[in-house]
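Novice: Following this message is one structure expressed as structure tokens.
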Amino acid sequence: MIDLDALERDLLGQIEQAGDEAALEALRVAALGKKGSVSELLKTLGAMTPDERRERGPLINGLRDRLQGAILAKRETLAEAALDARLAAERIDVTLPLREAPETRGRIHPISQVIEEITAIFSDLGFSVAEGPDIETDELNFTALNFPEGHPAREMHDTFFLRPDNFGKRKLLRTHTSPVQVRTMRAKQPPIRVIMPGRTYRHDSDQTHTPMFHQVEGLVIDRSANIANLKWVLESFCRAFFEVDSVTMRFRPSFFPFTEPSAEVDIQCSRKDGELRFGEGTDWLEVLGCGMVHPNVLRNGGLDPDQVQGFAFGMGIDRLAMLKYGMPDLRPFFEADVRWLDHYGFRPIDVPSLVGGLTG
Ligand code: DAH
């Protein structure tokens, strides 16, 4: 006769050991299922004598009930453990920042941002925006700007020339935005107040020079525009652009064929611990070239130097961007590396305006 106590100990031990609900179910089927070991024992009751049955019946039924109870209890424990494990695995830290939605992941390139900033500032000063082509004639890039044929200043520009056309004329990639001055004079009557941002090209490449770069040109022409006005415009611009209350500027005499007199402008800065600051310090940093428009250039633009006069200025946009946003190397500007753009780029909603704040 089978030892019920031993069987019970064995089965209860197995139930206790069951690792998950599937293993437990397998045990249940093996003991209490249709062909299970305990079910088979119950079937033997039918063939017993009434006395035997009276004795064995309660024992086997008791065994079945205890097993059922043990399985039920174990199932609950396993279910709770499974739920705990799942809760731990699917735990969400609601204090983490939201991941950006795909439509806000795009970034505005610092150059575009700075052009927007420059445009916002000069619009506020009453300037409009004009543009010219990247491929320019030799005449507009040099001759009309008072660079004499064969003048060494033409060489200083490291020009990219295109192949000559059938008439032997070579176009070029403009070396500066100054030709747009002449285009503007030929297209508009004074008073003229325009800025002319755009791409420019020179055969030059190192940490702070790339063959393609950006300039913004400014031109003011009316009956009385003078150097005092020029200084005020440039100072107002620098204060607004660098977002400081005051800047100290230094006008150094210089030479450009298209302006007379000409000056290069430095702004005062400090360079403590490698960090550049404006409005303080004892260092100087060159930011632009400017001057009074040369009478020859006015004439080449179709204007009468006895009737009108004006001033012009030109600055490097990339350089302004590097200074303002602390970017040490110009080359990554044009490498289209999304990691760089992620770091230095601007969000599409940060549109610069003087009322909203240039840089938010
Ligand atoms: N075109 C000059 C350059 O590329 C910059 C410049 C200087 C522009 C003086 C001006 C100016 O309009 O007046 O180096």
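Ordered as shown in the structure tokens, chains take letters A, B, and onward, while each chain numbers its residues from 1 and ligands are numbered from 1 in the order shown.
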Could you list, as a PDB file with N, CA and C atoms, in the first residue's frame, all the residues within 9 Å of ligand 1, counting only C-alpha atoms and all ligand atoms?

Specialist:
```pdb
ATOM      1  N   HIS A 157      42.764  89.598 -52.505  1.00  0.00           N
ATOM      2  CA  HIS A 157      41.486  88.930 -52.271  1.00  0.00           C
ATOM      3  C   HIS A 157      41.456  87.436 -52.565  1.00  0.00           C
ATOM      4  N   THR A 175      34.267  88.162 -53.779  1.00  0.00           N
ATOM      5  CA  THR A 175      35.202  88.046 -52.654  1.00  0.00           C
ATOM      6  C   THR A 175      34.697  88.827 -51.447  1.00  0.00           C
ATOM      7  N   HIS A 176      33.675  89.631 -51.657  1.00  0.00           N
ATOM      8  CA  HIS A 176      33.072  90.395 -50.564  1.00  0.00           C
ATOM      9  C   HIS A 176      31.645  90.788 -50.972  1.00  0.00           C
ATOM     10  N   THR A 177      30.873  91.332 -50.038  1.00  0.00           N
ATOM     11  CA  THR A 177      29.503  91.722 -50.380  1.00  0.00           C
ATOM     12  C   THR A 177      29.457  93.159 -50.914  1.00  0.00           C
ATOM     13  N   SER A 178      30.620  93.823 -50.984  1.00  0.00           N
ATOM     14  CA  SER A 178      30.635  95.221 -51.443  1.00  0.00           C
ATOM     15  C   SER A 178      30.046  95.455 -52.847  1.00  0.00           C
ATOM     16  N   PRO A 179      30.171  94.500 -53.816  1.00  0.00           N
ATOM     17  CA  PRO A 179      29.542  94.777 -55.110  1.00  0.00           C
ATOM     18  C   PRO A 179      28.043  95.054 -55.019  1.00  0.00           C
ATOM     19  N   GLN A 181      26.700  96.965 -53.021  1.00  0.00           N
ATOM     20  CA  GLN A 181      26.574  98.426 -52.852  1.00  0.00           C
ATOM     21  C   GLN A 181      26.282  99.082 -54.196  1.00  0.00           C
ATOM     22  N   THR A 200      30.328  84.775 -49.386  1.00  0.00           N
ATOM     23  CA  THR A 200      31.488  85.328 -50.075  1.00  0.00           C
ATOM     24  C   THR A 200      32.555  84.242 -50.127  1.00  0.00           C
ATOM     25  N   GLN A 215      29.463  87.560 -45.202  1.00  0.00           N
ATOM     26  CA  GLN A 215      29.660  88.952 -44.798  1.00  0.00           C
ATOM     27  C   GLN A 215      28.313  89.653 -44.778  1.00  0.00           C
ATOM     28  N   VAL A 216      28.287  90.773 -44.050  1.00  0.00           N
ATOM     29  CA  VAL A 216      27.147  91.665 -44.199  1.00  0.00           C
ATOM     30  C   VAL A 216      27.714  93.059 -44.458  1.00  0.00           C
ATOM     31  N   GLU A 217      27.157  93.668 -45.484  1.00  0.00           N
ATOM     32  CA  GLU A 217      27.588  94.980 -45.919  1.00  0.00           C
ATOM     33  C   GLU A 217      26.518  95.971 -45.484  1.00  0.00           C
ATOM     34  N   GLY A 218      26.918  97.192 -45.179  1.00  0.00           N
ATOM     35  CA  GLY A 218      25.927  98.228 -44.875  1.00  0.00           C
ATOM     36  C   GLY A 218      26.189  99.434 -45.753  1.00  0.00           C
ATOM     37  N   LEU A 219      25.127 100.102 -46.155  1.00  0.00           N
ATOM     38  CA  LEU A 219      25.299 101.301 -46.993  1.00  0.00           C
ATOM     39  C   LEU A 219      24.235 102.326 -46.636  1.00  0.00           C
ATOM     40  N   SER A 254      42.628 103.114 -42.018  1.00  0.00           N
ATOM     41  CA  SER A 254      42.982 101.951 -42.828  1.00  0.00           C
ATOM     42  C   SER A 254      42.810 102.313 -44.299  1.00  0.00           C
ATOM     43  N   PHE A 255      42.909 101.326 -45.158  1.00  0.00           N
ATOM     44  CA  PHE A 255      42.701 101.601 -46.576  1.00  0.00           C
ATOM     45  C   PHE A 255      41.770 100.592 -47.224  1.00  0.00           C
ATOM     46  N   PHE A 256      40.748 101.066 -47.894  1.00  0.00           N
ATOM     47  CA  PHE A 256      39.951 100.275 -48.829  1.00  0.00           C
ATOM     48  C   PHE A 256      39.753 101.148 -50.049  1.00  0.00           C
ATOM     49  N   PRO A 257      39.850 100.577 -51.264  1.00  0.00           N
ATOM     50  CA  PRO A 257      39.747 101.414 -52.455  1.00  0.00           C
ATOM     51  C   PRO A 257      38.399 102.133 -52.567  1.00  0.00           C
ATOM     52  N   PHE A 258      37.347 101.529 -51.976  1.00  0.00           N
ATOM     53  CA  PHE A 258      35.993 102.052 -52.194  1.00  0.00           C
ATOM     54  C   PHE A 258      35.538 103.027 -51.125  1.00  0.00           C
ATOM     55  N   THR A 259      36.391 103.293 -50.116  1.00  0.00           N
ATOM     56  CA  THR A 259      36.021 104.288 -49.103  1.00  0.00           C
ATOM     57  C   THR A 259      37.180 105.259 -48.884  1.00  0.00           C
ATOM     58  N   GLU A 260      36.836 106.488 -48.548  1.00  0.00           N
ATOM     59  CA  GLU A 260      37.862 107.489 -48.248  1.00  0.00           C
ATOM     60  C   GLU A 260      37.238 108.564 -47.360  1.00  0.00           C
ATOM     61  N   SER A 262      38.994 105.632 -44.768  1.00  0.00           N
ATOM     62  CA  SER A 262      38.608 104.270 -44.377  1.00  0.00           C
ATOM     63  C   SER A 262      39.086 104.000 -42.957  1.00  0.00           C
ATOM     64  N   ALA A 263      38.397 103.101 -42.301  1.00  0.00           N
ATOM     65  CA  ALA A 263      38.820 102.734 -40.954  1.00  0.00           C
ATOM     66  C   ALA A 263      38.536 101.263 -40.698  1.00  0.00           C
ATOM     67  N   GLU A 264      39.342 100.697 -39.817  1.00  0.00           N
ATOM     68  CA  GLU A 264      39.015  99.383 -39.275  1.00  0.00           C
ATOM     69  C   GLU A 264      38.591  99.608 -37.831  1.00  0.00           C
ATOM     70  N   LEU A 288      35.266  94.965 -37.911  1.00  0.00           N
ATOM     71  CA  LEU A 288      34.729  95.377 -39.206  1.00  0.00           C
ATOM     72  C   LEU A 288      35.581  96.435 -39.882  1.00  0.00           C
ATOM     73  N   GLY A 289      35.272  96.657 -41.175  1.00  0.00           N
ATOM     74  CA  GLY A 289      35.888  97.732 -41.944  1.00  0.00           C
ATOM     75  C   GLY A 289      34.790  98.696 -42.369  1.00  0.00           C
ATOM     76  N   CYS A 290      35.149  99.989 -42.502  1.00  0.00           N
ATOM     77  CA  CYS A 290      34.121 100.959 -42.868  1.00  0.00           C
ATOM     78  C   CYS A 290      34.764 102.217 -43.440  1.00  0.00           C
ATOM     79  N   GLY A 291      33.933 103.161 -43.847  1.00  0.00           N
ATOM     80  CA  GLY A 291      34.454 104.427 -44.328  1.00  0.00           C
ATOM     81  C   GLY A 291      33.392 105.217 -45.061  1.00  0.00           C
ATOM     82  N   MET A 292      33.791 106.392 -45.544  1.00  0.00           N
ATOM     83  CA  MET A 292      32.885 107.211 -46.361  1.00  0.00           C
ATOM     84  C   MET A 292      33.018 106.744 -47.812  1.00  0.00           C
ATOM     85  N   VAL A 293      31.872 106.539 -48.459  1.00  0.00           N
ATOM     86  CA  VAL A 293      31.887 105.999 -49.826  1.00  0.00           C
ATOM     87  C   VAL A 293      32.699 106.926 -50.748  1.00  0.00           C
ATOM     88  N   PHE A 311      28.071 106.550 -46.187  1.00  0.00           N
ATOM     89  CA  PHE A 311      29.074 105.674 -45.576  1.00  0.00           C
ATOM     90  C   PHE A 311      28.726 104.215 -45.804  1.00  0.00           C
ATOM     91  N   ALA A 312      29.748 103.388 -45.655  1.00  0.00           N
ATOM     92  CA  ALA A 312      29.562 101.943 -45.854  1.00  0.00           C
ATOM     93  C   ALA A 312      30.346 101.202 -44.788  1.00  0.00           C
ATOM     94  N   PHE A 313      29.936  99.977 -44.557  1.00  0.00           N
ATOM     95  CA  PHE A 313      30.701  99.133 -43.629  1.00  0.00           C
ATOM     96  C   PHE A 313      30.525  97.680 -44.033  1.00  0.00           C
ATOM     97  N   GLY A 314      31.482  96.848 -43.633  1.00  0.00           N
ATOM     98  CA  GLY A 314      31.384  95.423 -43.961  1.00  0.00           C
ATOM     99  C   GLY A 314      31.959  94.604 -42.820  1.00  0.00           C
ATOM    100  N   MET A 315      31.253  93.536 -42.467  1.00  0.00           N
ATOM    101  CA  MET A 315      31.769  92.688 -41.380  1.00  0.00           C
ATOM    102  C   MET A 315      31.559  91.214 -41.690  1.00  0.00           C
ATOM    103  N   GLY A 316      32.361  90.400 -41.053  1.00  0.00           N
ATOM    104  CA  GLY A 316      32.285  88.954 -41.233  1.00  0.00           C
ATOM    105  C   GLY A 316      31.254  88.360 -40.292  1.00  0.00           C
TER     106      GLY A 316
END
```

Novice: Between A:Leu285, A:Ala336, A:Leu320, A:Leu358, which residue has the minimum interatomic distance to A:Ile111, considering only C-alpha atoms?

Specialist: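 Among the listed residues, the smallest separation from A:Ile111 belongs to A:Leu320.
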
Novice: Residues at most 9 Å from A:Gly310, counting only C-alpha atoms, excluding those fewer than 5 positions away in the same chain, as a list in words?

Specialist: Ile192, Leu219, Val220, Ile221, Asp222, Arg223, Ser224, Ala225, Asn226, Ile227, Leu230, Gly291, Met292, Val293, His294 and Leu298 of chain A

Novice: For all heavy atoms, I'd like the residues from the last selection saved as a compact mmCIF listing (two decimals), in the first residue's frame.

Specialist:
```
# COMPACT_ATOMS: atom_id res chain seq x y z
N ILE A 192 19.27 106.04 -49.23
CA ILE A 192 19.46 104.59 -49.22
C ILE A 192 19.94 104.17 -47.83
O ILE A 192 20.88 104.76 -47.30
CB ILE A 192 20.52 104.19 -50.27
CG1 ILE A 192 19.97 104.40 -51.69
CG2 ILE A 192 20.96 102.74 -50.08
CD1 ILE A 192 21.02 104.22 -52.79
N LEU A 219 25.13 100.10 -46.16
CA LEU A 219 25.30 101.30 -46.99
C LEU A 219 24.24 102.33 -46.64
O LEU A 219 23.05 102.00 -46.56
CB LEU A 219 25.16 100.91 -48.47
CG LEU A 219 25.29 102.06 -49.48
CD1 LEU A 219 26.72 102.61 -49.51
CD2 LEU A 219 24.88 101.59 -50.89
N VAL A 220 24.70 103.57 -46.40
CA VAL A 220 23.77 104.67 -46.15
C VAL A 220 24.16 105.82 -47.06
O VAL A 220 25.31 106.24 -47.07
CB VAL A 220 23.84 105.13 -44.67
CG1 VAL A 220 23.03 106.41 -44.47
CG2 VAL A 220 23.34 104.04 -43.74
N ILE A 221 23.22 106.26 -47.88
CA ILE A 221 23.50 107.39 -48.76
C ILE A 221 22.34 108.38 -48.70
O ILE A 221 21.17 108.00 -48.86
CB ILE A 221 23.71 106.94 -50.21
CG1 ILE A 221 24.96 106.06 -50.29
CG2 ILE A 221 23.88 108.15 -51.14
CD1 ILE A 221 25.26 105.55 -51.66
N ASP A 222 22.67 109.63 -48.40
CA ASP A 222 21.69 110.71 -48.51
C ASP A 222 22.47 112.01 -48.66
O ASP A 222 23.63 111.97 -49.07
CB ASP A 222 20.73 110.70 -47.30
CG ASP A 222 21.46 110.81 -45.96
OD1 ASP A 222 22.56 111.42 -45.92
OD2 ASP A 222 20.94 110.33 -44.95
N ARG A 223 21.87 113.13 -48.30
CA ARG A 223 22.59 114.39 -48.54
C ARG A 223 23.66 114.67 -47.50
O ARG A 223 24.61 115.40 -47.76
CB ARG A 223 21.60 115.56 -48.57
CG ARG A 223 20.70 115.52 -49.78
CD ARG A 223 19.87 116.77 -49.91
NE ARG A 223 19.22 116.77 -51.20
CZ ARG A 223 19.80 117.13 -52.33
NH1 ARG A 223 21.06 117.56 -52.32
NH2 ARG A 223 19.15 117.10 -53.47
N SER A 224 23.50 114.10 -46.32
CA SER A 224 24.39 114.53 -45.24
C SER A 224 25.00 113.40 -44.40
O SER A 224 25.64 113.69 -43.38
CB SER A 224 23.62 115.48 -44.32
OG SER A 224 22.53 114.75 -43.76
N ALA A 225 24.80 112.15 -44.80
CA ALA A 225 25.32 111.04 -43.97
C ALA A 225 26.82 111.24 -43.72
O ALA A 225 27.57 111.50 -44.65
CB ALA A 225 25.07 109.71 -44.68
N ASN A 226 27.23 111.13 -42.45
CA ASN A 226 28.62 111.46 -42.13
C ASN A 226 29.23 110.47 -41.13
O ASN A 226 28.56 109.53 -40.68
CB ASN A 226 28.69 112.88 -41.58
CG ASN A 226 27.75 113.04 -40.38
OD1 ASN A 226 27.76 112.22 -39.47
ND2 ASN A 226 26.91 114.08 -40.41
N ILE A 227 30.48 110.73 -40.80
CA ILE A 227 31.21 109.78 -39.95
C ILE A 227 30.58 109.66 -38.56
O ILE A 227 30.58 108.59 -37.96
CB ILE A 227 32.70 110.16 -39.86
CG1 ILE A 227 33.34 109.92 -41.24
CG2 ILE A 227 33.42 109.36 -38.78
CD1 ILE A 227 34.85 109.88 -41.24
N LEU A 230 27.89 107.28 -38.87
CA LEU A 230 28.47 105.95 -39.03
C LEU A 230 28.85 105.35 -37.67
O LEU A 230 28.51 104.21 -37.35
CB LEU A 230 29.71 106.03 -39.94
CG LEU A 230 30.62 104.80 -39.99
CD1 LEU A 230 29.91 103.61 -40.60
CD2 LEU A 230 31.89 105.11 -40.80
N GLY A 291 33.93 103.16 -43.85
CA GLY A 291 34.45 104.43 -44.33
C GLY A 291 33.39 105.22 -45.06
O GLY A 291 32.23 104.78 -45.16
N MET A 292 33.79 106.39 -45.54
CA MET A 292 32.88 107.21 -46.36
C MET A 292 33.02 106.74 -47.81
O MET A 292 34.13 106.58 -48.32
CB MET A 292 33.27 108.69 -46.26
CG MET A 292 33.13 109.28 -44.86
SD MET A 292 31.46 109.17 -44.18
CE MET A 292 30.53 110.21 -45.29
N VAL A 293 31.87 106.54 -48.46
CA VAL A 293 31.89 106.00 -49.83
C VAL A 293 32.70 106.93 -50.75
O VAL A 293 32.49 108.14 -50.76
CB VAL A 293 30.45 105.84 -50.36
CG1 VAL A 293 30.47 105.28 -51.79
CG2 VAL A 293 29.64 104.91 -49.44
N HIS A 294 33.64 106.33 -51.49
CA HIS A 294 34.52 107.09 -52.38
C HIS A 294 33.68 107.73 -53.52
O HIS A 294 32.79 107.06 -54.06
CB HIS A 294 35.56 106.15 -52.98
CG HIS A 294 36.72 106.84 -53.59
ND1 HIS A 294 36.62 107.55 -54.76
CD2 HIS A 294 38.02 106.95 -53.19
CE1 HIS A 294 37.81 108.07 -55.06
NE2 HIS A 294 38.68 107.72 -54.13
N LEU A 298 30.43 106.30 -55.95
CA LEU A 298 29.11 106.95 -56.13
C LEU A 298 28.86 107.15 -57.62
O LEU A 298 27.78 106.82 -58.13
CB LEU A 298 29.07 108.29 -55.40
CG LEU A 298 29.06 108.23 -53.86
CD1 LEU A 298 29.21 109.62 -53.28
CD2 LEU A 298 27.76 107.60 -53.36
```

Novice: Among stretch 59-96 of chain A, which ones does DSSP place in helix (DSSP H, G or I), written as a VMD selection string?

Specialist: chain A and resid 59 to 89

Novice: Enumerate the residues of stretch 162-225 of chain A with a DSSP assignment of strand (DSSP E), computed from the backbone, and present them as a PyMOL selection string.

Specialist: chain A and resi 171-173+192-201+212-222

Novice: Residues at most 10 Å from A:Thr119, counting only C-alpha atoms, excluding those fewer than 6 positions away in the same chain, as a ChimeraX atom specification?

Specialist: /A:113,125,127-129,195-197,216,352-353

Novice: Keeping only N, CA and C atoms, take the residues you just selected and write them out as a PDB file, in the first residue's frame.

Specialist:
```pdb
ATOM      1  N   GLN A 113      20.925  82.036 -37.682  1.00  0.00           N
ATOM      2  CA  GLN A 113      20.460  82.749 -36.493  1.00  0.00           C
ATOM      3  C   GLN A 113      21.084  84.146 -36.423  1.00  0.00           C
ATOM      4  N   LEU A 125      16.790  99.995 -36.895  1.00  0.00           N
ATOM      5  CA  LEU A 125      17.459 101.265 -37.180  1.00  0.00           C
ATOM      6  C   LEU A 125      16.999 101.856 -38.521  1.00  0.00           C
ATOM      7  N   PHE A 127      16.907 100.184 -41.594  1.00  0.00           N
ATOM      8  CA  PHE A 127      17.564  99.636 -42.788  1.00  0.00           C
ATOM      9  C   PHE A 127      16.686  98.570 -43.433  1.00  0.00           C
ATOM     10  N   SER A 128      16.754  98.471 -44.766  1.00  0.00           N
ATOM     11  CA  SER A 128      16.128  97.335 -45.434  1.00  0.00           C
ATOM     12  C   SER A 128      17.233  96.376 -45.884  1.00  0.00           C
ATOM     13  N   VAL A 129      16.822  95.239 -46.449  1.00  0.00           N
ATOM     14  CA  VAL A 129      17.782  94.190 -46.805  1.00  0.00           C
ATOM     15  C   VAL A 129      17.845  94.051 -48.323  1.00  0.00           C
ATOM     16  N   ILE A 195      21.199  96.916 -45.624  1.00  0.00           N
ATOM     17  CA  ILE A 195      22.251  95.952 -45.299  1.00  0.00           C
ATOM     18  C   ILE A 195      22.166  94.848 -46.334  1.00  0.00           C
ATOM     19  N   MET A 196      23.319  94.220 -46.599  1.00  0.00           N
ATOM     20  CA  MET A 196      23.404  93.231 -47.664  1.00  0.00           C
ATOM     21  C   MET A 196      24.165  92.019 -47.153  1.00  0.00           C
ATOM     22  N   PRO A 197      23.453  91.050 -46.584  1.00  0.00           N
ATOM     23  CA  PRO A 197      24.138  89.850 -46.092  1.00  0.00           C
ATOM     24  C   PRO A 197      24.313  88.835 -47.221  1.00  0.00           C
ATOM     25  N   VAL A 216      28.287  90.773 -44.050  1.00  0.00           N
ATOM     26  CA  VAL A 216      27.147  91.665 -44.199  1.00  0.00           C
ATOM     27  C   VAL A 216      27.714  93.059 -44.458  1.00  0.00           C
ATOM     28  N   PRO A 352      14.838  85.602 -33.354  1.00  0.00           N
ATOM     29  CA  PRO A 352      15.334  86.806 -32.697  1.00  0.00           C
ATOM     30  C   PRO A 352      14.510  88.040 -33.036  1.00  0.00           C
ATOM     31  N   SER A 353      14.192  88.826 -32.014  1.00  0.00           N
ATOM     32  CA  SER A 353      13.577  90.120 -32.260  1.00  0.00           C
ATOM     33  C   SER A 353      14.015  91.034 -31.140  1.00  0.00           C
TER      34      SER A 353
END
```

Novice: Which residue, A:Trp232, A:Leu63, A:Lys188, A:Phe241, has the smallest gap to A:Ala120 when you use only C-alpha atoms?

Specialist: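 Checking each candidate against A:Ala120, we get A:Phe241 as the closest.
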
Novice: Please determine, counting only C-alpha atoms, which residue among A:Ser236, A:Asn229, A:Thr159, A:Gln309 has the shortest atom-to-atom distance to A:Pro191.

Specialist: A:Gln309

Novice: One number please: atom CA of A:Ser205 to atom CA of A:Phe142, in Å, one decimal.

Specialist: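 Computing it gives 22.3 Å between the two atoms.
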
Novice: Would you kindly return, as an MDAnalysis selection string, each protein, DNA or RNA residue with an atom no farther than 9 Å from any atom of A:Tyr344, considering only C-alpha atoms and excluding same-chain residues fewer than 4 positions away?

Specialist: chainID A and resid 107:110 325 327 339:340

Novice: Those same residues, written as a short mmCIF file (atom, residue, chain, number, x, y, z; two decimals), in the first residue's frame with C-alpha atoms?

Specialist:
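For reference, result-v4.cif as written:
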```
data_model
loop_
_atom_site.label_atom_id
_atom_site.label_comp_id
_atom_site.auth_asym_id
_atom_site.auth_seq_id
_atom_site.Cartn_x
_atom_site.Cartn_y
_atom_site.Cartn_z
CA ARG A 107 18.00 73.20 -35.39
CA ILE A 108 18.67 76.59 -36.92
CA HIS A 109 22.32 76.95 -37.97
CA PRO A 110 24.18 79.64 -35.98
CA TYR A 325 28.57 82.17 -29.10
CA MET A 327 32.80 78.86 -31.04
CA ARG A 339 26.01 66.57 -33.22
CA TRP A 340 27.64 69.98 -33.67
#
```

Novice: Fewer than 3 positions away in the same chain doesn't count, so skip those; otherwise give me all residues within 7 Å of stretch 29-42 of chain A, counting only C-alpha atoms, as JSON, numbers by chain.

Specialist: {"A": [25, 26, 45, 60, 64]}

Novice: Save out the residues we just selected, N, CA, C and O atoms, as a PDB file, in the first residue's frame.

Specialist:
```
ATOM      1  N   GLU A  25       1.496  24.692 -12.491  1.00  0.00           N
ATOM      2  CA  GLU A  25       0.368  24.103 -13.213  1.00  0.00           C
ATOM      3  C   GLU A  25       0.714  22.665 -13.656  1.00  0.00           C
ATOM      4  O   GLU A  25      -0.121  21.765 -13.561  1.00  0.00           O
ATOM      5  N   ALA A  26       1.961  22.484 -14.078  1.00  0.00           N
ATOM      6  CA  ALA A  26       2.397  21.136 -14.476  1.00  0.00           C
ATOM      7  C   ALA A  26       2.293  20.175 -13.290  1.00  0.00           C
ATOM      8  O   ALA A  26       1.829  19.030 -13.430  1.00  0.00           O
ATOM      9  N   LEU A  45     -10.603   3.896  -4.707  1.00  0.00           N
ATOM     10  CA  LEU A  45     -11.594   3.777  -3.633  1.00  0.00           C
ATOM     11  C   LEU A  45     -12.763   2.871  -4.040  1.00  0.00           C
ATOM     12  O   LEU A  45     -13.289   2.096  -3.241  1.00  0.00           O
ATOM     13  N   ILE A  60      -7.255   9.937   1.631  1.00  0.00           N
ATOM     14  CA  ILE A  60      -6.906  10.370   0.269  1.00  0.00           C
ATOM     15  C   ILE A  60      -7.574  11.711  -0.062  1.00  0.00           C
ATOM     16  O   ILE A  60      -6.945  12.620  -0.610  1.00  0.00           O
ATOM     17  N   ARG A  64      -5.880  15.261  -1.083  1.00  0.00           N
ATOM     18  CA  ARG A  64      -6.234  16.062  -2.253  1.00  0.00           C
ATOM     19  C   ARG A  64      -6.555  17.501  -1.839  1.00  0.00           C
ATOM     20  O   ARG A  64      -6.070  18.459  -2.419  1.00  0.00           O
TER      21      ARG A  64
END
```

Novice: If we count only C-alpha atoms, what is near A:Glu280 at a cut-off of 10 Å, once residues fewer than 5 positions away on the same chain are taken out, given as a list of chain:residue names?

Specialist: A:Ser246, A:Val247, A:Thr248, A:Ile267, A:Gln268, A:Cys269, A:Ser270, A:Arg271

Novice: Once you have the residues from the selection above, write them out as a compact mmCIF listing (two decimals), in the first residue's frame, restricted to all heavy atoms.

Specialist:
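This went into out-v3.txt:
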```
# COMPACT_ATOMS: atom_id res chain seq x y z
N SER A 246 27.18 98.95 -22.82
CA SER A 246 28.05 99.89 -23.52
C SER A 246 29.24 99.14 -24.13
O SER A 246 29.69 98.13 -23.57
CB SER A 246 28.54 100.97 -22.58
OG SER A 246 29.56 100.44 -21.75
N VAL A 247 29.68 99.61 -25.27
CA VAL A 247 30.89 99.06 -25.87
C VAL A 247 31.83 100.23 -26.16
O VAL A 247 31.38 101.33 -26.49
CB VAL A 247 30.63 98.32 -27.20
CG1 VAL A 247 30.02 96.97 -26.98
CG2 VAL A 247 29.80 99.15 -28.15
N THR A 248 33.11 99.98 -26.00
CA THR A 248 34.08 101.00 -26.39
C THR A 248 34.68 100.55 -27.72
O THR A 248 35.14 99.42 -27.84
CB THR A 248 35.18 101.13 -25.33
OG1 THR A 248 34.54 101.26 -24.06
CG2 THR A 248 36.06 102.33 -25.61
N ILE A 267 36.70 96.46 -31.11
CA ILE A 267 35.94 96.72 -29.89
C ILE A 267 36.72 96.21 -28.69
O ILE A 267 37.46 95.24 -28.76
CB ILE A 267 34.51 96.15 -29.89
CG1 ILE A 267 34.49 94.68 -30.24
CG2 ILE A 267 33.62 96.90 -30.84
CD1 ILE A 267 33.09 94.13 -30.23
N GLN A 268 36.52 96.96 -27.59
CA GLN A 268 37.27 96.65 -26.39
C GLN A 268 36.73 95.38 -25.75
O GLN A 268 35.51 95.14 -25.74
CB GLN A 268 37.13 97.80 -25.39
CG GLN A 268 38.14 97.75 -24.29
CD GLN A 268 38.10 99.03 -23.47
OE1 GLN A 268 37.03 99.48 -23.09
NE2 GLN A 268 39.25 99.62 -23.22
N CYS A 269 37.65 94.56 -25.24
CA CYS A 269 37.20 93.29 -24.66
C CYS A 269 38.18 92.84 -23.59
O CYS A 269 39.27 93.38 -23.46
CB CYS A 269 37.09 92.23 -25.75
SG CYS A 269 38.67 91.86 -26.52
N SER A 270 37.76 91.87 -22.82
CA SER A 270 38.69 91.22 -21.88
C SER A 270 38.72 89.75 -22.23
O SER A 270 37.76 89.20 -22.75
CB SER A 270 38.22 91.42 -20.44
OG SER A 270 37.11 90.57 -20.18
N ARG A 271 39.87 89.13 -21.97
CA ARG A 271 40.01 87.69 -22.26
C ARG A 271 40.47 86.98 -21.01
O ARG A 271 41.55 86.43 -20.96
CB ARG A 271 41.05 87.48 -23.34
CG ARG A 271 40.58 87.83 -24.73
CD ARG A 271 41.69 87.57 -25.70
NE ARG A 271 41.86 88.71 -26.58
CZ ARG A 271 41.60 88.70 -27.87
NH1 ARG A 271 41.21 87.60 -28.45
NH2 ARG A 271 41.76 89.78 -28.59
```

Novice: Determine the nearest neighbour of A:Leu172 from the options A:Met48, A:Met185, A:Leu140, A:Leu87, counting only C-alpha atoms.

Specialist: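 Smallest separation from A:Leu172 among the options: A:Leu140.
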